[in-house]
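**Student:** The structure file protein_11.tsv (TSV, C-alpha atoms) is provided below.
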chain	number	residue	atom	x	y	z
R	6	MET	CA	81.76	55.06	107.69
R	7	VAL	CA	83.58	58.23	108.75
R	8	THR	CA	86.61	57.55	110.89
R	9	GLU	CA	89.19	59.91	112.39
R	10	GLU	CA	91.80	58.36	110.12
R	11	ARG	CA	89.77	59.06	107.00
R	12	VAL	CA	89.12	62.63	108.11
R	13	TRP	CA	92.83	63.28	108.72
R	14	ALA	CA	93.63	61.78	105.31
R	15	ALA	CA	91.02	64.02	103.65
R	16	LEU	CA	92.27	67.13	105.45
R	17	ALA	CA	95.82	66.31	104.34
R	18	GLU	CA	94.62	66.86	100.78
R	19	ILE	CA	93.38	70.41	101.40
R	20	PRO	CA	95.90	72.97	100.15
R	21	ASP	CA	96.71	76.27	101.80
R	22	PRO	CA	95.03	78.58	99.25
R	23	GLU	CA	98.06	80.88	99.25
R	24	ILE	CA	100.81	78.22	99.29
R	25	PRO	CA	99.07	75.34	97.51
R	26	THR	CA	101.90	72.82	97.84
R	27	VAL	CA	101.36	72.82	101.61
R	28	SER	CA	98.26	71.25	103.14
R	29	VAL	CA	96.37	72.41	106.21
R	30	VAL	CA	97.74	69.35	108.03
R	31	ASP	CA	101.32	70.27	107.01
R	32	LEU	CA	100.67	73.74	108.43
R	33	GLY	CA	99.67	72.21	111.75
R	34	VAL	CA	96.43	74.20	111.92
R	35	VAL	CA	94.28	71.14	112.61
R	36	ARG	CA	94.53	70.69	116.35
R	37	ALA	CA	92.06	67.87	116.83
R	38	VAL	CA	89.57	65.68	115.00
R	39	GLU	CA	86.75	63.98	116.89
R	40	VAL	CA	84.25	61.63	115.29
R	41	GLU	CA	81.00	60.71	117.03
R	42	GLY	CA	78.68	58.70	114.87
R	43	GLY	CA	78.34	60.78	111.70
R	44	ARG	CA	79.30	64.04	113.40
R	45	VAL	CA	82.86	65.29	112.84
R	46	ARG	CA	84.29	68.07	114.95
R	47	VAL	CA	87.54	69.71	113.88
R	48	GLU	CA	89.51	72.18	115.95
R	49	PHE	CA	91.09	74.66	113.56
R	50	THR	CA	93.73	77.07	114.86
R	51	PRO	CA	94.28	79.98	112.47
R	52	THR	CA	97.82	80.98	111.51
R	53	PHE	CA	97.66	84.78	111.54
R	54	LEU	CA	94.32	86.31	112.55
R	55	GLY	CA	94.35	88.66	109.56
R	56	CYS	CA	94.97	85.84	107.10
R	57	PRO	CA	92.35	86.08	104.33
R	58	ALA	CA	92.73	82.35	103.62
R	59	LEU	CA	91.09	81.37	106.94
R	60	GLU	CA	87.53	81.23	105.66
R	61	VAL	CA	88.59	79.33	102.56
R	62	MET	CA	90.41	76.72	104.67
R	63	ARG	CA	87.50	76.41	107.08
R	64	ASP	CA	84.95	75.98	104.29
R	65	GLN	CA	87.12	73.47	102.44
R	66	MET	CA	87.51	71.38	105.58
R	67	ALA	CA	83.75	71.33	106.04
R	68	ALA	CA	83.26	70.38	102.36
R	69	SER	CA	85.77	67.50	102.59
R	70	ILE	CA	84.04	66.12	105.66
R	71	ARG	CA	80.68	66.31	103.92
R	72	ALA	CA	82.19	64.46	100.95
R	73	LEU	CA	83.09	61.64	103.37
R	74	GLY	CA	79.47	61.53	104.48
R	75	GLY	CA	80.09	63.29	107.81
R	76	GLU	CA	78.30	66.23	109.39
R	77	PRO	CA	81.06	68.82	109.91
R	78	GLN	CA	81.56	71.23	112.76
R	79	VAL	CA	84.74	73.27	112.28
R	80	ASP	CA	85.51	75.23	115.45
R	81	VAL	CA	87.91	78.11	114.93
R	82	ILE	CA	90.11	78.27	118.03
R	83	GLN	CA	91.49	81.79	118.42
R	84	ASP	CA	93.95	81.13	121.19
R	85	ASP	CA	97.67	80.89	121.56
R	86	SER	CA	98.02	77.25	120.59
R	87	TRP	CA	99.28	77.61	117.01
R	88	SER	CA	102.82	78.67	116.34
R	89	THR	CA	105.08	78.22	113.34
R	90	ASP	CA	106.73	75.39	115.31
R	91	ARG	CA	103.61	73.36	114.48
R	92	ILE	CA	104.46	73.29	110.78
R	93	THR	CA	105.49	69.68	110.18
R	94	ALA	CA	108.88	68.53	108.85
R	95	GLU	CA	107.06	67.56	105.64
R	96	GLY	CA	105.51	71.04	105.53
R	97	ARG	CA	108.93	72.66	105.88
R	98	ARG	CA	110.34	70.56	103.07
R	99	LYS	CA	107.42	71.53	100.81
R	100	LEU	CA	107.79	75.21	101.71
R	101	ARG	CA	111.43	75.14	100.70
R	102	GLU	CA	110.54	73.40	97.43
R	103	SER	CA	108.06	76.17	96.62
R	104	GLY	CA	110.62	78.91	97.17
R	105	PHE	CA	109.83	79.78	100.79
R	106	ALA	CA	112.37	79.68	103.57
R	107	PRO	CA	110.66	77.92	106.48
R	108	PRO	CA	110.33	79.79	109.78
R	109	ALA	CA	113.13	79.74	112.32
R	110	PRO	CA	112.28	77.79	115.49
R	111	ARG	CA	110.44	79.85	118.09
R	112	GLU	CA	112.53	81.02	121.01
R	113	ALA	CA	111.55	81.90	124.57
R	114	ALA	CA	111.93	85.62	123.92
R	115	PRO	CA	110.17	87.33	121.01
R	116	PRO	CA	112.26	88.04	117.90
R	117	THR	CA	114.18	91.32	117.60
R	118	LEU	CA	115.21	93.38	114.59
R	119	VAL	CA	118.86	92.50	115.18
R	120	GLN	CA	117.97	88.82	115.11
R	121	LEU	CA	115.95	89.18	111.91
R	122	GLU	CA	118.82	91.06	110.31
R	123	THR	CA	121.67	88.87	111.44
R	124	SER	CA	120.38	85.29	111.69
R	125	ALA	CA	121.50	83.04	108.88
R	126	PHE	CA	118.54	82.09	106.71
R	127	ARG	CA	119.21	79.68	103.90
R	128	CYS	CA	118.09	80.62	100.40
R	129	PRO	CA	115.47	78.08	99.24
R	130	TYR	CA	116.79	78.30	95.67
R	131	CYS	CA	120.58	77.96	95.93
R	132	GLY	CA	121.13	77.08	99.60
R	133	SER	CA	123.40	80.06	100.29
R	134	THR	CA	123.20	81.62	103.75
R	135	GLU	CA	124.40	84.96	102.33
R	136	THR	CA	120.91	86.41	102.54
R	137	ARG	CA	119.59	89.65	103.96
R	138	LEU	CA	116.31	91.00	105.24
R	139	GLU	CA	114.60	93.23	102.68
R	140	ASN	CA	111.28	93.75	104.44
R	141	ILE	CA	109.80	92.38	107.66
R	142	PHE	CA	106.47	92.39	105.80
R	143	GLY	CA	105.48	90.62	102.62
R	144	PRO	CA	102.51	89.86	100.44
R	145	THR	CA	100.65	88.05	103.24
R	146	PRO	CA	100.81	88.51	107.03
R	147	CYS	CA	102.89	85.34	107.46
R	148	ARG	CA	105.79	86.31	105.21
R	149	SER	CA	108.90	88.49	105.16
R	150	ILE	CA	111.00	89.26	102.09
R	151	ARG	CA	114.68	88.37	101.95
R	152	TYR	CA	117.31	88.69	99.25
R	153	CYS	CA	119.97	86.14	98.40
R	154	SER	CA	123.38	87.53	97.48
R	155	GLY	CA	124.39	84.08	96.21
R	156	CYS	CA	121.85	83.67	93.39
R	157	ARG	CA	120.69	87.30	93.44
R	158	GLN	CA	117.06	86.48	93.89
R	159	PRO	CA	114.50	87.72	96.36
R	160	PHE	CA	112.63	85.03	98.27
R	161	GLU	CA	109.93	84.81	100.90
R	162	GLN	CA	110.51	83.74	104.45
R	163	PHE	CA	107.79	82.44	106.75
R	164	LYS	CA	107.77	84.65	109.86
R	165	THR	CA	108.29	82.94	113.19
R	166	ILE	CA	105.39	83.40	115.56
A	794	MET	CA	76.16	96.00	127.82
A	795	THR	CA	78.62	94.13	130.06
A	796	SER	CA	81.93	95.76	130.86
A	797	ARG	CA	83.71	92.93	129.08
A	798	ALA	CA	81.74	93.55	125.90
A	799	GLU	CA	82.55	97.25	126.20
A	800	GLU	CA	86.24	96.51	126.63
A	801	LEU	CA	86.25	94.16	123.63
A	802	LEU	CA	84.46	96.72	121.47
A	803	THR	CA	86.94	99.40	122.51
A	804	LEU	CA	89.87	97.23	121.46
A	805	ALA	CA	88.15	96.15	118.25
A	806	ASP	CA	87.21	99.70	117.26
A	807	ASP	CA	90.76	100.96	117.86
A	808	GLU	CA	92.23	98.20	115.73
A	809	LEU	CA	89.65	98.53	112.95
A	810	ILE	CA	89.95	102.30	112.58
A	811	LEU	CA	93.73	102.28	112.85
A	812	GLY	CA	93.86	99.42	110.34
A	813	TRP	CA	91.77	101.56	108.00
A	814	ARG	CA	94.06	104.56	108.47
A	815	ASN	CA	97.16	102.42	107.91
A	816	SER	CA	95.67	101.11	104.69
A	817	GLU	CA	95.53	104.67	103.36
A	818	TRP	CA	99.27	104.35	102.71
A	819	THR	CA	98.73	101.49	100.26
A	820	GLY	CA	100.12	102.68	96.95
A	821	ILE	CA	101.43	106.05	98.15
A	822	ALA	CA	104.05	105.29	100.84
A	823	PRO	CA	107.48	106.92	100.40
A	824	PHE	CA	108.83	103.69	98.97
A	825	LEU	CA	107.60	100.28	97.95
A	826	GLU	CA	108.73	98.45	101.09
A	827	GLU	CA	106.52	100.73	103.17
A	828	ASP	CA	103.55	100.24	100.84
A	829	VAL	CA	103.88	96.55	101.62
A	830	ALA	CA	104.56	97.09	105.34
A	831	PHE	CA	101.66	99.43	106.04
A	832	SER	CA	99.28	97.32	103.96
A	833	SER	CA	100.30	94.19	105.84
A	834	ILE	CA	100.06	95.91	109.23
A	835	ALA	CA	96.60	97.19	108.27
A	836	GLN	CA	95.52	93.68	107.38
A	837	THR	CA	96.76	92.28	110.69
A	838	GLU	CA	95.11	95.04	112.74
A	839	ILE	CA	91.78	94.45	110.99
A	840	GLY	CA	92.19	90.71	111.64
A	841	HIS	CA	92.64	91.48	115.34
A	842	ALA	CA	89.58	93.73	115.23
A	843	ARG	CA	87.56	90.88	113.75
A	844	ALA	CA	88.67	88.48	116.49
A	845	PHE	CA	87.72	90.99	119.22
A	846	TYR	CA	84.38	91.71	117.51
A	847	GLU	CA	83.64	87.99	117.37
A	848	LEU	CA	84.16	87.63	121.11
A	849	ALA	CA	82.02	90.71	121.76
A	850	ALA	CA	79.38	89.42	119.34
A	851	GLN	CA	79.03	86.19	121.35
A	852	GLU	CA	78.07	88.26	124.39
A	853	LEU	CA	75.87	90.65	122.47
A	854	GLY	CA	74.06	88.09	120.32
A	855	THR	CA	75.17	89.59	117.01
A	856	ASN	CA	78.05	89.10	114.57
A	857	ALA	CA	81.37	90.76	113.78
A	858	ASP	CA	80.20	92.46	110.56
A	859	GLU	CA	77.21	94.05	112.26
A	860	LEU	CA	79.44	95.41	115.01
A	861	ALA	CA	82.07	96.64	112.57
A	862	PHE	CA	79.79	98.20	109.97
A	863	ASP	CA	76.22	98.66	111.19
A	864	ARG	CA	76.69	101.07	114.09
A	865	ASP	CA	76.46	104.84	113.92
A	866	PRO	CA	79.77	106.72	114.14
A	867	GLU	CA	78.86	108.01	117.62
A	868	GLU	CA	78.60	104.43	118.87
A	869	TYR	CA	82.21	103.57	118.08
A	870	ARG	CA	84.45	103.47	121.13
A	871	CYS	CA	87.78	104.11	119.40
A	872	ALA	CA	90.23	106.66	120.76
A	873	PRO	CA	90.66	109.94	118.86
A	874	LEU	CA	94.33	108.99	118.15
A	875	VAL	CA	93.35	106.33	115.63
A	876	GLU	CA	90.80	108.53	113.86
A	877	LEU	CA	93.27	111.15	112.65
A	878	ARG	CA	93.88	111.14	108.92
A	879	LEU	CA	97.64	111.53	108.66
A	880	VAL	CA	98.44	110.78	105.02
A	881	PRO	CA	100.62	112.09	103.44
A	882	ASP	CA	102.60	113.16	106.55
A	883	TRP	CA	105.15	110.42	107.19
A	884	ALA	CA	106.59	111.92	110.41
A	885	ARG	CA	103.16	112.11	112.05
A	886	THR	CA	102.26	108.66	110.75
A	887	ILE	CA	105.36	107.14	112.31
A	888	ALA	CA	104.78	109.10	115.52
A	889	ARG	CA	101.26	107.64	115.82
A	890	HIS	CA	102.44	104.18	114.80
A	891	TRP	CA	105.14	104.20	117.48
A	892	LEU	CA	102.91	105.66	120.20
A	893	TYR	CA	100.05	103.31	119.37
A	894	GLU	CA	102.16	100.17	119.27
A	895	THR	CA	103.85	101.11	122.53
A	896	ALA	CA	100.50	101.69	124.26
A	897	ASP	CA	98.92	98.63	122.67
A	898	ALA	CA	101.77	96.43	123.94
A	899	ILE	CA	100.97	97.55	127.49
A	900	ARG	CA	97.28	96.79	127.30
A	901	ILE	CA	97.74	93.50	125.43
A	902	GLU	CA	100.22	92.39	128.10
A	903	ALA	CA	97.57	93.10	130.77
A	904	LEU	CA	94.87	91.28	128.76
A	905	LYS	CA	97.04	88.16	128.66
A	906	SER	CA	96.28	87.68	132.34
A	907	SER	CA	92.53	88.29	131.93
A	908	GLU	CA	90.31	86.03	134.05
A	909	ASN	CA	88.42	85.23	130.88
A	910	GLU	CA	90.19	82.37	129.17
A	911	ALA	CA	89.04	83.32	125.65
A	912	VAL	CA	90.26	86.90	126.07
A	913	ALA	CA	93.59	85.82	127.59
A	914	GLY	CA	94.19	83.24	124.84
A	915	LEU	CA	93.38	85.69	122.08
A	916	ALA	CA	95.59	88.38	123.65
A	917	ALA	CA	98.52	85.95	123.76
A	918	LYS	CA	98.09	85.17	120.08
A	919	ILE	CA	97.73	88.83	119.12
A	920	ASP	CA	100.81	89.72	121.15
A	921	ARG	CA	102.98	87.39	119.10
A	922	GLU	CA	101.77	88.93	115.84
A	923	GLU	CA	102.14	92.47	117.16
A	924	VAL	CA	105.84	91.88	117.88
A	925	TYR	CA	106.49	92.55	114.20
A	926	HIS	CA	104.55	95.81	114.29
A	927	ARG	CA	106.62	96.94	117.28
A	928	ILE	CA	109.89	96.04	115.59
A	929	HIS	CA	108.79	98.09	112.58
A	930	ALA	CA	107.59	101.07	114.65
A	931	ASP	CA	110.74	101.12	116.80
A	932	MET	CA	112.95	100.86	113.74
A	933	TRP	CA	111.28	103.87	112.15
A	934	ALA	CA	111.21	105.93	115.35
A	935	ARG	CA	114.96	105.33	115.70
A	936	GLN	CA	115.56	106.19	112.08
A	937	LEU	CA	113.62	109.46	112.17
A	938	ARG	CA	115.28	110.46	115.45
A	939	ALA	CA	118.67	109.96	113.79
A	940	SER	CA	117.67	112.08	110.81
A	941	PRO	CA	118.61	115.77	110.33
A	942	GLU	CA	114.83	116.37	110.19
A	943	ARG	CA	114.30	114.79	113.61
A	944	GLY	CA	112.49	117.96	114.78
A	945	ARG	CA	109.53	117.02	112.59
A	946	PHE	CA	109.23	113.63	114.21
A	947	GLU	CA	109.70	114.94	117.76
A	948	GLY	CA	107.14	117.67	117.06
A	949	ALA	CA	104.67	115.05	115.87
A	950	VAL	CA	105.24	112.91	118.97
A	951	ALA	CA	104.65	115.96	121.19
A	952	GLU	CA	101.47	116.83	119.28
A	953	LEU	CA	100.07	113.30	119.45
A	954	TRP	CA	101.16	112.47	122.99
A	955	PRO	CA	97.92	113.65	124.70
A	956	TYR	CA	96.01	111.50	122.21
A	957	ALA	CA	98.21	108.48	122.90
A	958	LEU	CA	97.59	108.74	126.65
A	959	GLY	CA	93.88	108.49	125.89
A	960	LEU	CA	94.37	104.97	124.55
A	961	VAL	CA	94.94	103.45	127.98
A	962	GLU	CA	93.53	103.98	131.45
A	963	GLY	CA	94.56	103.87	135.09
A	964	GLU	CA	98.00	102.57	135.95
A	965	GLN	CA	98.70	101.79	132.29
A	966	ARG	CA	99.12	105.54	131.74
A	967	GLY	CA	102.10	105.55	134.10
A	968	GLN	CA	103.55	102.58	132.27
A	969	LEU	CA	103.09	104.38	128.96
A	970	CYS	CA	104.86	107.50	130.30
A	971	SER	CA	107.85	105.34	131.30
A	972	ALA	CA	107.84	103.46	128.01
A	973	VAL	CA	107.97	106.59	125.86
A	974	GLY	CA	109.95	108.75	128.32
A	975	ARG	CA	107.42	111.57	128.63
A	976	GLU	CA	105.60	113.30	131.47
A	977	THR	CA	101.88	112.85	131.91
A	978	VAL	CA	99.61	115.57	130.46
A	979	ASP	CA	95.84	116.03	130.08
A	980	ALA	CA	94.79	113.17	127.84
A	981	VAL	CA	92.51	113.46	124.82
A	982	GLU	CA	89.97	111.02	126.21
A	983	ARG	CA	87.92	108.37	124.52
A	984	GLY	CA	84.20	109.06	124.27
A	985	THR	CA	84.27	112.02	121.94
A	986	HIS	CA	85.18	111.80	118.30
A	987	THR	CA	87.20	113.97	115.97
A	988	GLU	CA	85.63	115.38	112.84
A	989	GLU	CA	87.75	112.96	110.87
A	990	LEU	CA	85.83	109.85	111.95
A	991	ARG	CA	82.66	110.49	109.97
A	992	PRO	CA	84.22	110.64	106.47
A	993	LEU	CA	86.12	107.43	107.27
A	994	TRP	CA	82.94	105.77	108.54
A	995	GLU	CA	81.03	106.85	105.43
A	996	GLU	CA	83.60	105.26	103.16
A	997	MET	CA	84.05	102.16	105.32
A	998	THR	CA	80.33	101.39	105.62
A	999	MET	CA	79.30	102.44	102.12
A	1000	VAL	CA	78.69	98.92	100.81
A	1001	ARG	CA	76.74	97.81	103.88
A	1002	ARG	CA	74.62	100.94	103.78
A	1003	SER	CA	73.94	100.52	100.05
A	1004	VAL	CA	73.00	96.84	100.33
A	1005	ALA	CA	71.75	95.84	103.78
A	1006	GLY	CA	73.48	92.72	105.08
A	1007	ALA	CA	76.02	92.66	102.22
A	1008	ALA	CA	78.79	90.15	102.73
A	1009	TRP	CA	82.02	89.81	100.76
Is it possible to express this structure as structure tokens?

**Tutor:**
Amino acid sequence: MVTEERVWAALAEIPDPEIPTVSVVDLGVVRAVEVEGGRVRVEFTPTFLGCPALEVMRDQMAASIRALGGEPQVDVIQDDSWSTDRITAEGRRKLRESGFAPPAPREAAPPTLVQLETSAFRCPYCGSTETRLENIFGPTPCRSIRYCSGCRQPFEQFKTI
Amino acid sequence: MTSRAEELLTLADDELILGWRNSEWTGIAPFLEEDVAFSSIAQTEIGHARAFYELAAQELGTNADELAFDRDPEEYRCAPLVELRLVPDWARTIARHWLYETADAIRIEALKSSENEAVAGLAAKIDREEVYHRIHADMWARQLRASPERGRFEGAVAELWPYALGLVEGEQRGQLCSAVGRETVDAVERGTHTEELRPLWEEMTMVRRSVAGAAW
């Protein structure tokens, strides 16, 4: 019998293909799960629209639901409802453990260069806040590159959106 | 075709072709940070194109890949600004980047109050991603203006300004003039294409034209 609880538990096992320690539930991209009989509808809110991991996540969600015996319908919701504030506390902890600084909380006004250059971001390796912005852009749309003067290592920072 | 589908295709085509042009810096930018930056910006713009194509495809009964890759070059609605092949000229590239992002911010802001909920929601999401493009474009425009070679950048802005005006219509042109601090001129309008579109299109659609319906 497919239940909402079982679906959420199964989705919590699906890794982000690019940051595998974090699950799609940790990322906060699952907005809703509805079960009606054997039919399971999931509302999936992409992180960044250009993220190449979107299809992989969507297909893996459908596969997990099928494995539970449900008939999946994964609706991709391309609206404004996902922000980095939806990454869970658990997700943030896991990001830090994998060498990513979690995103700063979203503010009312959009970020500025001065903010990105001057805000204190803690190094995920040594905890120092003596870090600087190296590049607004990184290897995927969701990341910036920073450098820690404390342990002299570059690290990746999740962009706030 | 409905006017909404036309508008969505216009936006999608601009973002797709500009994304393609931005990706031409991958591997050859003046330094590594900009290789990464332009590649990432290209990826985001193409992601936005896909989202706009998907909305258009719902109205037109097709799919995003068919709209992106299976039309003839004449059918694309992109503005001539995004078609120009500007590698390896960094000053002109930054001039286009800055003009495009400034104009795009104006039209995305307007789209956020679209009567169509799907369009408004998508525009709001895109706007938050585009903030990082604007920060990057403004940073570089400031940097080149502060350089002893600023004449190259200002010359490029002057050259591309009529093209940039062609990106937006109506009252948004006045807003763009204020935003970039320039007087209005005769715009290079959408609807005709530069000679530079076809070679891009040939490369971009090569796989689809070789193997009909190819997906990857």

**Student:** Pick the closest to chain R from A:Ala888, A:Val875, A:Lys905, A:Trp818: which is it, counting only C-alpha atoms?

**Tutor:** A:Lys905

**Student:** What would the list of residues within 10 Å of (101.7, 78.4, 99.8) (file frame) look like as a tab-separated table (two decimals) with C-alpha atoms, in the coordinates of the input, if all atoms listed in the file are what count?

**Tutor:**
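And here's out.tsv as it stands now:
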chain	number	residue	atom	x	y	z
R	20	PRO	CA	95.90	72.97	100.15
R	21	ASP	CA	96.71	76.27	101.80
R	22	PRO	CA	95.03	78.58	99.25
R	23	GLU	CA	98.06	80.88	99.25
R	24	ILE	CA	100.81	78.22	99.29
R	25	PRO	CA	99.07	75.34	97.51
R	26	THR	CA	101.90	72.82	97.84
R	27	VAL	CA	101.36	72.82	101.61
R	28	SER	CA	98.26	71.25	103.14
R	32	LEU	CA	100.67	73.74	108.43
R	99	LYS	CA	107.42	71.53	100.81
R	100	LEU	CA	107.79	75.21	101.71
R	103	SER	CA	108.06	76.17	96.62
R	104	GLY	CA	110.62	78.91	97.17
R	105	PHE	CA	109.83	79.78	100.79

**Student:** What's the 7 Å shell around range 75-81 of chain R, counting only C-alpha atoms, without same-chain residues fewer than 5 positions away, as a PyMOL selection string?

**Tutor:** chain R and resi 7+43-50+63+67+70

**Student:** Got a sec: who's within 12 Å of Gln965 in chain A, counting only C-alpha atoms, leaving out chain neighbours fewer than 2 positions off, as a short mmCIF file (atom, residue, chain, number, x, y, z; two decimals) with C-alpha atoms, keeping the file's coordinate frame?

**Tutor:**
data_model
loop_
_atom_site.label_atom_id
_atom_site.label_comp_id
_atom_site.auth_asym_id
_atom_site.auth_seq_id
_atom_site.Cartn_x
_atom_site.Cartn_y
_atom_site.Cartn_z
CA THR A 895 103.85 101.11 122.53
CA ALA A 896 100.50 101.69 124.26
CA ASP A 897 98.92 98.63 122.67
CA ALA A 898 101.77 96.43 123.94
CA ILE A 899 100.97 97.55 127.49
CA ARG A 900 97.28 96.79 127.30
CA ILE A 901 97.74 93.50 125.43
CA GLU A 902 100.22 92.39 128.10
CA ALA A 903 97.57 93.10 130.77
CA LEU A 904 94.87 91.28 128.76
CA ALA A 957 98.21 108.48 122.90
CA LEU A 958 97.59 108.74 126.65
CA GLY A 959 93.88 108.49 125.89
CA LEU A 960 94.37 104.97 124.55
CA VAL A 961 94.94 103.45 127.98
CA GLU A 962 93.53 103.98 131.45
CA GLY A 963 94.56 103.87 135.09
CA GLY A 967 102.10 105.55 134.10
CA GLN A 968 103.55 102.58 132.27
CA LEU A 969 103.09 104.38 128.96
CA CYS A 970 104.86 107.50 130.30
CA SER A 971 107.85 105.34 131.30
CA ALA A 972 107.84 103.46 128.01
CA THR A 977 101.88 112.85 131.91
#

**Student:** What's the 12 Å shell around Ile928 in chain A, counting all atoms listed in the file, without same-chain residues fewer than 2 positions away, as a JSON list (two decimals) with C-alpha atoms, keeping the file's coordinate frame?

**Tutor:**
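New file out_23.json:
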[["chain", "number", "residue", "atom", "x", "y", "z"],
["R", 115, "PRO", "CA", 110.17, 87.33, 121.01],
["R", 116, "PRO", "CA", 112.26, 88.04, 117.90],
["R", 117, "THR", "CA", 114.18, 91.32, 117.60],
["R", 118, "LEU", "CA", 115.21, 93.38, 114.59],
["R", 119, "VAL", "CA", 118.86, 92.50, 115.18],
["R", 120, "GLN", "CA", 117.97, 88.82, 115.11],
["R", 121, "LEU", "CA", 115.95, 89.18, 111.91],
["R", 122, "GLU", "CA", 118.82, 91.06, 110.31],
["R", 140, "ASN", "CA", 111.28, 93.75, 104.44],
["R", 141, "ILE", "CA", 109.80, 92.38, 107.66],
["R", 142, "PHE", "CA", 106.47, 92.39, 105.80],
["A", 830, "ALA", "CA", 104.56, 97.09, 105.34],
["A", 834, "ILE", "CA", 100.06, 95.91, 109.23],
["A", 890, "HIS", "CA", 102.44, 104.18, 114.80],
["A", 891, "TRP", "CA", 105.14, 104.20, 117.48],
["A", 894, "GLU", "CA", 102.16, 100.17, 119.27],
["A", 895, "THR", "CA", 103.85, 101.11, 122.53],
["A", 898, "ALA", "CA", 101.77, 96.43, 123.94],
["A", 921, "ARG", "CA", 102.98, 87.39, 119.10],
["A", 922, "GLU", "CA", 101.77, 88.93, 115.84],
["A", 923, "GLU", "CA", 102.14, 92.47, 117.16],
["A", 924, "VAL", "CA", 105.84, 91.88, 117.88],
["A", 925, "TYR", "CA", 106.49, 92.55, 114.20],
["A", 926, "HIS", "CA", 104.55, 95.81, 114.29],
["A", 930, "ALA", "CA", 107.59, 101.07, 114.65],
["A", 931, "ASP", "CA", 110.74, 101.12, 116.80],
["A", 932, "MET", "CA", 112.95, 100.86, 113.74],
["A", 933, "TRP", "CA", 111.28, 103.87, 112.15],
["A", 934, "ALA", "CA", 111.21, 105.93, 115.35],
["A", 935, "ARG", "CA", 114.96, 105.33, 115.70]]

**Student:** Specify as a ChimeraX atom specification all residues of chain R found within 9 Å of chain A, counting all atoms listed in the file.

**Tutor:** /R:53-57,83-88,115-118,139-146,166

**Student:** Mind checking which residues fall within 9 Å of range 867-872 of chain A, counting all atoms listed in the file, ignoring those fewer than 4 positions away in the same chain, and posting them as a list in words?

**Tutor:**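 The residues that qualify are Glu799, Leu802, Thr803, Leu804, Ala805, Asp806, Asp807, Glu808, Leu809, Ile810, Ala861, Glu876, Tyr956, Ala957, Gly959, Leu960, Val981, Glu982, Arg983, Gly984, Thr985, His986 and Arg991 of chain A.
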
**Student:** Will you model N, CA and C atoms for range 884-896 of chain A and pass it back as an mmCIF file, keeping the file's coordinate frame?

**Tutor:**
data_model
loop_
_atom_site.group_PDB
_atom_site.id
_atom_site.type_symbol
_atom_site.label_atom_id
_atom_site.label_comp_id
_atom_site.auth_asym_id
_atom_site.auth_seq_id
_atom_site.Cartn_x
_atom_site.Cartn_y
_atom_site.Cartn_z
ATOM 1 N N ALA A 884 106.086 111.731 109.033
ATOM 2 C CA ALA A 884 106.590 111.920 110.410
ATOM 3 C C ALA A 884 105.447 111.700 111.411
ATOM 4 N N ARG A 885 104.286 112.277 111.123
ATOM 5 C CA ARG A 885 103.160 112.110 112.050
ATOM 6 C C ARG A 885 102.650 110.667 112.025
ATOM 7 N N THR A 886 102.697 110.063 110.853
ATOM 8 C CA THR A 886 102.260 108.660 110.750
ATOM 9 C C THR A 886 103.136 107.761 111.614
ATOM 10 N N ILE A 887 104.456 107.965 111.519
ATOM 11 C CA ILE A 887 105.360 107.140 112.310
ATOM 12 C C ILE A 887 105.213 107.465 113.799
ATOM 13 N N ALA A 888 104.982 108.724 114.114
ATOM 14 C CA ALA A 888 104.780 109.100 115.520
ATOM 15 C C ALA A 888 103.552 108.363 116.079
ATOM 16 N N ARG A 889 102.455 108.356 115.329
ATOM 17 C CA ARG A 889 101.260 107.640 115.820
ATOM 18 C C ARG A 889 101.521 106.139 115.889
ATOM 19 N N HIS A 890 102.150 105.615 114.865
ATOM 20 C CA HIS A 890 102.440 104.180 114.800
ATOM 21 C C HIS A 890 103.239 103.771 116.043
ATOM 22 N N TRP A 891 104.270 104.529 116.352
ATOM 23 C CA TRP A 891 105.140 104.200 117.480
ATOM 24 C C TRP A 891 104.405 104.362 118.815
ATOM 25 N N LEU A 892 103.652 105.451 118.946
ATOM 26 C CA LEU A 892 102.910 105.660 120.200
ATOM 27 C C LEU A 892 101.827 104.594 120.364
ATOM 28 N N TYR A 893 101.131 104.296 119.283
ATOM 29 C CA TYR A 893 100.050 103.310 119.370
ATOM 30 C C TYR A 893 100.607 101.940 119.720
ATOM 31 N N GLU A 894 101.633 101.508 119.021
ATOM 32 C CA GLU A 894 102.160 100.170 119.270
ATOM 33 C C GLU A 894 102.721 100.050 120.684
ATOM 34 N N THR A 895 103.314 101.135 121.167
ATOM 35 C CA THR A 895 103.850 101.110 122.530
ATOM 36 C C THR A 895 102.708 100.982 123.543
ATOM 37 N N ALA A 896 101.652 101.751 123.348
ATOM 38 C CA ALA A 896 100.500 101.690 124.260
ATOM 39 C C ALA A 896 99.783 100.343 124.132
#
